[in-house]
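K.L.:
Structure provided below as structure tokens; questions to follow.
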Amino acid sequence: MTESAVVGAEITNWIEAGKPAPTAEVVAGVAIEALRQAGLRPADLDAIISTTSAMPFGHPTFLTTPAQHMGHRLAGKIGSNGLQVINVSGACASAAAAFSIADSMIKSGKARKVLVVGYDNSPRGFYFSFNSYLDTDMAIGYPLKVVGAVNPTYWAMWARRRAYEMGKPVEDIKEVMAIIKEELSKNGALNPHARYKKVFTAKEVLESPVVDDPLHLYMISAVSSGAGAVLLSDMDTAKRLTNKPVKVAASAVGGPLYNEPSPRLTYFTTAGGRRATKPFYEWRKPIEDAYRQAGITAEDVDFAEVHDTSLYHVINWIDQIMGWEREETDKLIRSRQFGRDGRFPVNLSGGTTSFGEAVYAQALMEVYEVFRQLRGEAGERQVRKNAKIGLATAYGAYGSYGAIALERAW
Amino acid sequence: MSQVQKNVVPIVEGLFTWPSDHPRLIGSRCPVCGSVQFPKSSVCNNPECDHSRSPEEVLLSEEGTLYSFDIHAYDLREPFEYHKAPYAIGAVELPEGITILARLTTTKGLRIGMKLRMKVDKLYEDAENIYMTYYFEPVEGGESR
Ligand SMILES: [Zn+2]
């Protein structure tokens, strides 16, 4: 099987969401820059995989907007000799899915050079804001209409449940999340692409208003606008294009698991079957799949960029990635061993908490960071240890998830 | 001018029996594999099921156990502004093996593991209708399992 590699990556600065923007211009900007890094022209591409969301504000039929066809629009805009174009979506894991398709196309020999683009510019708080968004099968939107459940409702319930299962008061997990925010905001302050560069102290986090108890305002991420482009090629080509090729060791994606015991975003209920013994099976599965694809174990992972729409997500990802018992995760966080010279660095980019979430582009932001860190190009936020393997993860609504492992190949 | 009698209607049709003196949640159960769903579905959600028969409508248990909860602290935007903060949302484990989301009747004294009972009550009203929804309410003296 052909190996695939990342040979170029670019992201915009993440900015406040909901400002009208020339979407194709923004996407073309990062696309051309990723190509330029590898010394390639649009004519050299075999495929574009696109995942974008940019809604006409207040318009009920946003699902059929031109954003859905951004791959084709981009191909037209930068010039194309009829390359393969695929537009995909998968909630917060959209860009992980797009990346995985590109990786699979290269590994199967269907393409040798593939550009992945992600873009998001959605109105603030758009989730389920429209009555017309209510789906007839009552899965989507109805938990908001009937029980007033928003996305942080689910995250709050997961966090509270974890504290309960550990036999700890809920204040304990609040403290852990506040420490995470303090450390990640320090990383974000060093990242020119991050939207928020202010350092938040743990005390400030705990003093911010409670929004969905136990989550305080500074424990959940804002909604942002941003775009990313990642260029992949087969490994032979990669070695000709760059002396620092980064191998795609794994790209795993997936959908809902029937026996997941935790309430899943946008649903009223868990499934009615035999339960997995531990919750968050849907988070562990992409990690296990990625480890298997890459032929690695937790010990081989040097650092991770994890999807943190709430700071509870960081805790959960460390639980799943390192396979530790939960006490070990909390110990790592409380001893602040997840910074750039720590035992297991997490979100050196600053994470979603420092960027805000540009849903469809978010996993490309993570891949960008892992790529830069592995190549030693992360500037002030460069990981201290000699990192060989980095992981990027995503988890979102409808039971959408993904994990990507990148490995230094020189 | 005489007061117009308002209609008392469910917030969403098909979630619970209505009108009824003793409303119950409506789910479905697969006669092949036993998988239970809420809201009811015409298709079984168990990937191991052979789908030789379709799910049948069932009334769900009225008592459950609190799996976890959120106390939501701010008002929602239109058109969902009728959910007035603060309010609690629970994930309630039913004996059928599903965990369902529900508004809880109180934000006070909630504990994971406590017993709860379903009731249908008013959510809000407008000029024409009174909208009803299902809630779960702590059972007096109901202790954790
Ligand atoms: Zn079945």
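Each chain in the structure tokens gets a letter, A, B and so on, in the order shown; residues start at 1 in every chain, and ligands are counted from 1 in the order they appear.
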Give the strand (DSSP E or B) residues of chain B, as DSSP finds them on the backbone, and put them as a PyMOL selection string.
P.N.:
chain B and resi 7-10+16+25-29+36-37+56-59+63-72+87-93+99-104+115-125+129-138
K.L.:
Mind running chain B against ligand 1 at 9 Å and telling me each contacting residue's nearest atom pair with the distance in Å (one decimal), counting only C-alpha atoms and all ligand atoms, chain and number ascending, as a Markdown table?
P.N.:
| residue | atom | partner | partner_atom_place_in_ligand_line | distance |
| --- | --- | --- | --- | --- |
| B:Arg29 | CA | ligand 1 | 1 (Zn) | 7.9 |
| B:Cys30 | CA | ligand 1 | 1 (Zn) | 4.6 |
| B:Pro31 | CA | ligand 1 | 1 (Zn) | 6.6 |
| B:Val32 | CA | ligand 1 | 1 (Zn) | 5.0 |
| B:Cys33 | CA | ligand 1 | 1 (Zn) | 4.1 |
| B:Gly34 | CA | ligand 1 | 1 (Zn) | 6.0 |
| B:Ser35 | CA | ligand 1 | 1 (Zn) | 5.5 |
| B:Val36 | CA | ligand 1 | 1 (Zn) | 8.6 |
| B:Val43 | CA | ligand 1 | 1 (Zn) | 8.0 |
| B:Cys44 | CA | ligand 1 | 1 (Zn) | 4.7 |
| B:Asn45 | CA | ligand 1 | 1 (Zn) | 6.6 |
| B:Asn46 | CA | ligand 1 | 1 (Zn) | 5.4 |
| B:Pro47 | CA | ligand 1 | 1 (Zn) | 7.9 |
| B:Glu48 | CA | ligand 1 | 1 (Zn) | 7.4 |
| B:Cys49 | CA | ligand 1 | 1 (Zn) | 4.3 |
| B:Asp50 | CA | ligand 1 | 1 (Zn) | 6.7 |
| B:His51 | CA | ligand 1 | 1 (Zn) | 5.9 |
| B:Ser52 | CA | ligand 1 | 1 (Zn) | 8.3 |
| B:Arg53 | CA | ligand 1 | 1 (Zn) | 7.9 |
| B:Ser54 | CA | ligand 1 | 1 (Zn) | 7.7 |
| B:Pro55 | CA | ligand 1 | 1 (Zn) | 7.2 |
K.L.:
Which neighbours of range 259-264 of chain A fall inside 10 Å, counting only C-alpha atoms, when residues of the same chain fewer than 2 positions from it are skipped, and could you give them as a PDB file with N, CA and C atoms, in the first residue's frame?
P.N.:
ATOM      1  N   ASN A 151     -26.087  22.446  23.401  1.00  0.00           N
ATOM      2  CA  ASN A 151     -24.894  21.594  23.371  1.00  0.00           C
ATOM      3  C   ASN A 151     -24.199  21.492  24.733  1.00  0.00           C
ATOM      4  N   TYR A 154     -25.205  18.713  27.317  1.00  0.00           N
ATOM      5  CA  TYR A 154     -24.632  17.364  27.248  1.00  0.00           C
ATOM      6  C   TYR A 154     -23.253  17.344  27.922  1.00  0.00           C
ATOM      7  N   TRP A 155     -22.452  18.370  27.622  1.00  0.00           N
ATOM      8  CA  TRP A 155     -21.101  18.420  28.189  1.00  0.00           C
ATOM      9  C   TRP A 155     -21.167  18.535  29.709  1.00  0.00           C
ATOM     10  N   MET A 157     -23.545  17.411  31.634  1.00  0.00           N
ATOM     11  CA  MET A 157     -23.973  16.132  32.199  1.00  0.00           C
ATOM     12  C   MET A 157     -22.820  15.132  32.213  1.00  0.00           C
ATOM     13  N   TRP A 158     -22.009  15.148  31.138  1.00  0.00           N
ATOM     14  CA  TRP A 158     -20.852  14.230  31.108  1.00  0.00           C
ATOM     15  C   TRP A 158     -19.893  14.556  32.245  1.00  0.00           C
ATOM     16  N   ARG A 161     -21.274  13.605  35.646  1.00  0.00           N
ATOM     17  CA  ARG A 161     -21.279  12.155  35.794  1.00  0.00           C
ATOM     18  C   ARG A 161     -19.875  11.616  36.111  1.00  0.00           C
ATOM     19  N   PRO A 256     -22.117   6.936  15.091  1.00  0.00           N
ATOM     20  CA  PRO A 256     -22.656   6.526  16.385  1.00  0.00           C
ATOM     21  C   PRO A 256     -22.496   5.037  16.679  1.00  0.00           C
ATOM     22  N   LEU A 257     -22.231   4.744  17.949  1.00  0.00           N
ATOM     23  CA  LEU A 257     -22.131   3.365  18.405  1.00  0.00           C
ATOM     24  C   LEU A 257     -23.387   3.014  19.192  1.00  0.00           C
ATOM     25  N   THR A 266     -27.587  16.129  20.399  1.00  0.00           N
ATOM     26  CA  THR A 266     -28.764  16.332  19.552  1.00  0.00           C
ATOM     27  C   THR A 266     -29.818  15.237  19.711  1.00  0.00           C
ATOM     28  N   TYR A 267     -29.547  14.206  20.494  1.00  0.00           N
ATOM     29  CA  TYR A 267     -30.524  13.130  20.651  1.00  0.00           C
ATOM     30  C   TYR A 267     -31.250  13.246  21.991  1.00  0.00           C
ATOM     31  N   PHE A 268     -32.470  12.719  22.027  1.00  0.00           N
ATOM     32  CA  PHE A 268     -33.227  12.601  23.263  1.00  0.00           C
ATOM     33  C   PHE A 268     -32.711  11.457  24.128  1.00  0.00           C
ATOM     34  N   THR A 269     -32.244  10.415  23.473  1.00  0.00           N
ATOM     35  CA  THR A 269     -31.977   9.175  24.203  1.00  0.00           C
ATOM     36  C   THR A 269     -30.685   8.519  23.763  1.00  0.00           C
ATOM     37  N   THR A 270     -30.201   7.649  24.633  1.00  0.00           N
ATOM     38  CA  THR A 270     -29.188   6.686  24.219  1.00  0.00           C
ATOM     39  C   THR A 270     -29.921   5.550  23.516  1.00  0.00           C
ATOM     40  N   ALA A 271     -29.176   4.674  22.858  1.00  0.00           N
ATOM     41  CA  ALA A 271     -29.796   3.531  22.206  1.00  0.00           C
ATOM     42  C   ALA A 271     -30.271   2.534  23.255  1.00  0.00           C
ATOM     43  N   GLY A 272     -31.132   1.646  22.830  1.00  0.00           N
ATOM     44  CA  GLY A 272     -31.773   0.759  23.790  1.00  0.00           C
ATOM     45  C   GLY A 272     -31.147  -0.613  23.902  1.00  0.00           C
ATOM     46  N   GLY A 273     -29.871  -0.703  23.720  1.00  0.00           N
ATOM     47  CA  GLY A 273     -29.257  -2.032  23.711  1.00  0.00           C
ATOM     48  C   GLY A 273     -28.381  -2.302  24.905  1.00  0.00           C
ATOM     49  N   ARG A 274     -27.637  -3.384  24.817  1.00  0.00           N
ATOM     50  CA  ARG A 274     -26.656  -3.755  25.833  1.00  0.00           C
ATOM     51  C   ARG A 274     -25.631  -2.631  25.933  1.00  0.00           C
ATOM     52  N   ARG A 275     -25.299  -2.233  27.132  1.00  0.00           N
ATOM     53  CA  ARG A 275     -24.398  -1.107  27.343  1.00  0.00           C
ATOM     54  C   ARG A 275     -22.938  -1.532  27.307  1.00  0.00           C
ATOM     55  N   ALA A 276     -22.104  -0.654  26.754  1.00  0.00           N
ATOM     56  CA  ALA A 276     -20.672  -0.794  26.975  1.00  0.00           C
ATOM     57  C   ALA A 276     -20.447  -0.549  28.465  1.00  0.00           C
ATOM     58  N   THR A 277     -19.445  -1.177  29.037  1.00  0.00           N
ATOM     59  CA  THR A 277     -19.253  -1.043  30.476  1.00  0.00           C
ATOM     60  C   THR A 277     -18.779   0.355  30.842  1.00  0.00           C
ATOM     61  N   LYS A 278     -18.052   1.000  29.938  1.00  0.00           N
ATOM     62  CA  LYS A 278     -17.572   2.341  30.218  1.00  0.00           C
ATOM     63  C   LYS A 278     -18.190   3.335  29.245  1.00  0.00           C
ATOM     64  N   PRO A 279     -18.480   4.547  29.723  1.00  0.00           N
ATOM     65  CA  PRO A 279     -19.005   5.548  28.810  1.00  0.00           C
ATOM     66  C   PRO A 279     -17.928   6.066  27.857  1.00  0.00           C
ATOM     67  N   PHE A 280     -18.351   6.794  26.854  1.00  0.00           N
ATOM     68  CA  PHE A 280     -17.460   7.446  25.894  1.00  0.00           C
ATOM     69  C   PHE A 280     -16.735   6.465  24.991  1.00  0.00           C
ATOM     70  N   TYR A 281     -17.426   5.397  24.659  1.00  0.00           N
ATOM     71  CA  TYR A 281     -16.966   4.448  23.661  1.00  0.00           C
ATOM     72  C   TYR A 281     -16.720   5.156  22.329  1.00  0.00           C
ATOM     73  N   GLU A 282     -17.586   6.145  22.051  1.00  0.00           N
ATOM     74  CA  GLU A 282     -17.460   6.854  20.769  1.00  0.00           C
ATOM     75  C   GLU A 282     -16.207   7.723  20.717  1.00  0.00           C
ATOM     76  N   TRP A 283     -15.609   7.993  21.851  1.00  0.00           N
ATOM     77  CA  TRP A 283     -14.360   8.752  21.869  1.00  0.00           C
ATOM     78  C   TRP A 283     -13.168   7.800  21.799  1.00  0.00           C
ATOM     79  N   GLY A 396     -18.081  15.232  17.744  1.00  0.00           N
ATOM     80  CA  GLY A 396     -19.166  16.207  17.647  1.00  0.00           C
ATOM     81  C   GLY A 396     -20.548  15.597  17.634  1.00  0.00           C
ATOM     82  N   ALA A 397     -21.496  16.386  17.179  1.00  0.00           N
ATOM     83  CA  ALA A 397     -22.905  15.997  17.196  1.00  0.00           C
ATOM     84  C   ALA A 397     -23.160  14.761  16.342  1.00  0.00           C
ATOM     85  N   TYR A 398     -24.270  14.111  16.619  1.00  0.00           N
ATOM     86  CA  TYR A 398     -24.732  12.912  15.904  1.00  0.00           C
ATOM     87  C   TYR A 398     -23.811  11.709  16.110  1.00  0.00           C
ATOM     88  N   GLY A 399     -22.865  11.774  17.048  1.00  0.00           N
ATOM     89  CA  GLY A 399     -21.890  10.691  17.177  1.00  0.00           C
ATOM     90  C   GLY A 399     -20.911  10.709  16.027  1.00  0.00           C
ATOM     91  N   SER A 400     -20.359  11.892  15.723  1.00  0.00           N
ATOM     92  CA  SER A 400     -19.343  12.003  14.660  1.00  0.00           C
ATOM     93  C   SER A 400     -17.984  12.141  15.335  1.00  0.00           C
TER      94      SER A 400
ATOM     95  N   ASN B  46     -30.974  -1.240  16.246  1.00  0.00           N
ATOM     96  CA  ASN B  46     -29.946  -2.202  16.649  1.00  0.00           C
ATOM     97  C   ASN B  46     -29.254  -2.756  15.396  1.00  0.00           C
ATOM     98  N   TYR B  67     -29.310   9.810  35.886  1.00  0.00           N
ATOM     99  CA  TYR B  67     -27.960   9.431  35.431  1.00  0.00           C
ATOM    100  C   TYR B  67     -27.003  10.616  35.564  1.00  0.00           C
ATOM    101  N   SER B  68     -27.488  11.788  35.179  1.00  0.00           N
ATOM    102  CA  SER B  68     -26.748  13.030  35.367  1.00  0.00           C
ATOM    103  C   SER B  68     -27.681  14.191  35.062  1.00  0.00           C
ATOM    104  N   ALA B  91     -30.704  13.485  32.552  1.00  0.00           N
ATOM    105  CA  ALA B  91     -30.652  12.255  31.761  1.00  0.00           C
ATOM    106  C   ALA B  91     -31.181  11.178  32.699  1.00  0.00           C
ATOM    107  N   VAL B  92     -32.295  10.581  32.304  1.00  0.00           N
ATOM    108  CA  VAL B  92     -33.008   9.666  33.202  1.00  0.00           C
ATOM    109  C   VAL B  92     -32.939   8.243  32.648  1.00  0.00           C
ATOM    110  N   GLY B  97     -33.764   0.304  29.643  1.00  0.00           N
ATOM    111  CA  GLY B  97     -32.379   0.296  29.165  1.00  0.00           C
ATOM    112  C   GLY B  97     -32.020   1.490  28.303  1.00  0.00           C
ATOM    113  N   ILE B  98     -32.886   2.494  28.263  1.00  0.00           N
ATOM    114  CA  ILE B  98     -32.525   3.720  27.568  1.00  0.00           C
ATOM    115  C   ILE B  98     -32.434   4.861  28.576  1.00  0.00           C
ATOM    116  N   THR B  99     -31.631   5.855  28.227  1.00  0.00           N
ATOM    117  CA  THR B  99     -31.484   7.036  29.072  1.00  0.00           C
ATOM    118  C   THR B  99     -32.049   8.207  28.294  1.00  0.00           C
ATOM    119  N   ILE B 100     -33.080   8.857  28.824  1.00  0.00           N
ATOM    120  CA  ILE B 100     -33.759   9.898  28.049  1.00  0.00           C
ATOM    121  C   ILE B 100     -33.578  11.270  28.695  1.00  0.00           C
ATOM    122  N   LEU B 101     -33.546  12.284  27.859  1.00  0.00           N
ATOM    123  CA  LEU B 101     -33.453  13.651  28.369  1.00  0.00           C
ATOM    124  C   LEU B 101     -34.836  14.147  28.763  1.00  0.00           C
TER     125      LEU B 101
END
K.L.:
Which residue out of A:Ser104, A:Thr153, A:Thr51, A:Asn87 has the minimum interatomic distance to chain B when only C-alpha atoms are used?
P.N.:
A:Thr153
K.L.:
Hey, what's within 8 Å of range 369-380 of chain A if we count only C-alpha atoms and toss same-chain stuff fewer than 3 positions away? As a list in words, please?
P.N.:
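Once the adjacent positions are removed, what remains is Val6, Ala9, Leu190, Lys244, Val246, Ala304, Glu305, Leu348, Ser349, Met365, Glu366, Val383, Ala387, Lys388, Ile389, Gly390, Leu391, Ala392, Leu406, Glu407 and Arg408 of chain A.
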K.L.:
Next, write the just-selected residues to a file, as a PDB file, in the first residue's frame, keeping N, CA and C atoms as the atom set.
P.N.:
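Okay, result-v9.pdb is ready:
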ATOM      1  N   VAL A   6       1.688  14.542   4.601  1.00  0.00           N
ATOM      2  CA  VAL A   6       1.282  15.948   4.529  1.00  0.00           C
ATOM      3  C   VAL A   6       2.490  16.754   4.070  1.00  0.00           C
ATOM      4  N   ALA A   9       0.471  23.006   4.726  1.00  0.00           N
ATOM      5  CA  ALA A   9      -0.709  23.299   5.549  1.00  0.00           C
ATOM      6  C   ALA A   9      -0.747  24.780   5.854  1.00  0.00           C
ATOM      7  N   LEU A 190       0.434  32.649  22.731  1.00  0.00           N
ATOM      8  CA  LEU A 190       1.644  32.603  21.899  1.00  0.00           C
ATOM      9  C   LEU A 190       1.343  32.305  20.434  1.00  0.00           C
ATOM     10  N   LYS A 244      11.257  17.521   4.734  1.00  0.00           N
ATOM     11  CA  LYS A 244      10.604  17.227   6.016  1.00  0.00           C
ATOM     12  C   LYS A 244       9.184  16.690   5.798  1.00  0.00           C
ATOM     13  N   VAL A 246       5.842  14.640   6.409  1.00  0.00           N
ATOM     14  CA  VAL A 246       5.160  14.158   7.619  1.00  0.00           C
ATOM     15  C   VAL A 246       4.176  13.068   7.203  1.00  0.00           C
ATOM     16  N   ALA A 304      -0.703  15.806  21.662  1.00  0.00           N
ATOM     17  CA  ALA A 304      -2.001  15.738  20.979  1.00  0.00           C
ATOM     18  C   ALA A 304      -2.638  17.115  20.862  1.00  0.00           C
ATOM     19  N   GLU A 305      -3.363  17.278  19.771  1.00  0.00           N
ATOM     20  CA  GLU A 305      -4.269  18.417  19.606  1.00  0.00           C
ATOM     21  C   GLU A 305      -5.667  17.837  19.694  1.00  0.00           C
ATOM     22  N   LEU A 348      -1.072  22.527  22.228  1.00  0.00           N
ATOM     23  CA  LEU A 348      -0.033  23.553  22.207  1.00  0.00           C
ATOM     24  C   LEU A 348      -0.478  24.743  21.361  1.00  0.00           C
ATOM     25  N   SER A 349      -1.453  24.521  20.492  1.00  0.00           N
ATOM     26  CA  SER A 349      -2.017  25.616  19.683  1.00  0.00           C
ATOM     27  C   SER A 349      -2.821  26.577  20.547  1.00  0.00           C
ATOM     28  N   MET A 365      -7.239  22.898  11.685  1.00  0.00           N
ATOM     29  CA  MET A 365      -6.417  23.708  12.585  1.00  0.00           C
ATOM     30  C   MET A 365      -5.524  22.785  13.418  1.00  0.00           C
ATOM     31  N   GLU A 366      -6.094  21.691  13.899  1.00  0.00           N
ATOM     32  CA  GLU A 366      -5.324  20.739  14.712  1.00  0.00           C
ATOM     33  C   GLU A 366      -4.226  20.065  13.886  1.00  0.00           C
ATOM     34  N   VAL A 383       7.015  22.381  20.953  1.00  0.00           N
ATOM     35  CA  VAL A 383       7.130  21.373  22.013  1.00  0.00           C
ATOM     36  C   VAL A 383       8.610  21.139  22.320  1.00  0.00           C
ATOM     37  N   ALA A 387       9.681  15.368  19.423  1.00  0.00           N
ATOM     38  CA  ALA A 387       8.431  14.666  19.140  1.00  0.00           C
ATOM     39  C   ALA A 387       8.469  13.967  17.789  1.00  0.00           C
ATOM     40  N   LYS A 388       7.975  12.736  17.761  1.00  0.00           N
ATOM     41  CA  LYS A 388       7.942  11.957  16.522  1.00  0.00           C
ATOM     42  C   LYS A 388       6.507  11.743  16.044  1.00  0.00           C
ATOM     43  N   ILE A 389       5.583  11.550  17.001  1.00  0.00           N
ATOM     44  CA  ILE A 389       4.196  11.261  16.625  1.00  0.00           C
ATOM     45  C   ILE A 389       3.247  12.195  17.372  1.00  0.00           C
ATOM     46  N   GLY A 390       2.347  12.825  16.613  1.00  0.00           N
ATOM     47  CA  GLY A 390       1.323  13.684  17.214  1.00  0.00           C
ATOM     48  C   GLY A 390      -0.053  13.241  16.751  1.00  0.00           C
ATOM     49  N   LEU A 391      -1.043  13.483  17.609  1.00  0.00           N
ATOM     50  CA  LEU A 391      -2.403  13.033  17.336  1.00  0.00           C
ATOM     51  C   LEU A 391      -3.337  14.240  17.270  1.00  0.00           C
ATOM     52  N   ALA A 392      -4.316  14.195  16.358  1.00  0.00           N
ATOM     53  CA  ALA A 392      -5.374  15.211  16.303  1.00  0.00           C
ATOM     54  C   ALA A 392      -6.714  14.494  16.405  1.00  0.00           C
ATOM     55  N   LEU A 406      -0.104  11.765  12.899  1.00  0.00           N
ATOM     56  CA  LEU A 406       0.957  12.169  11.979  1.00  0.00           C
ATOM     57  C   LEU A 406       2.316  11.794  12.580  1.00  0.00           C
ATOM     58  N   GLU A 407       3.250  11.440  11.689  1.00  0.00           N
ATOM     59  CA  GLU A 407       4.540  10.933  12.154  1.00  0.00           C
ATOM     60  C   GLU A 407       5.660  11.544  11.325  1.00  0.00           C
ATOM     61  N   ARG A 408       6.711  11.999  11.997  1.00  0.00           N
ATOM     62  CA  ARG A 408       7.880  12.541  11.307  1.00  0.00           C
ATOM     63  C   ARG A 408       8.479  11.456  10.432  1.00  0.00           C
TER      64      ARG A 408
END
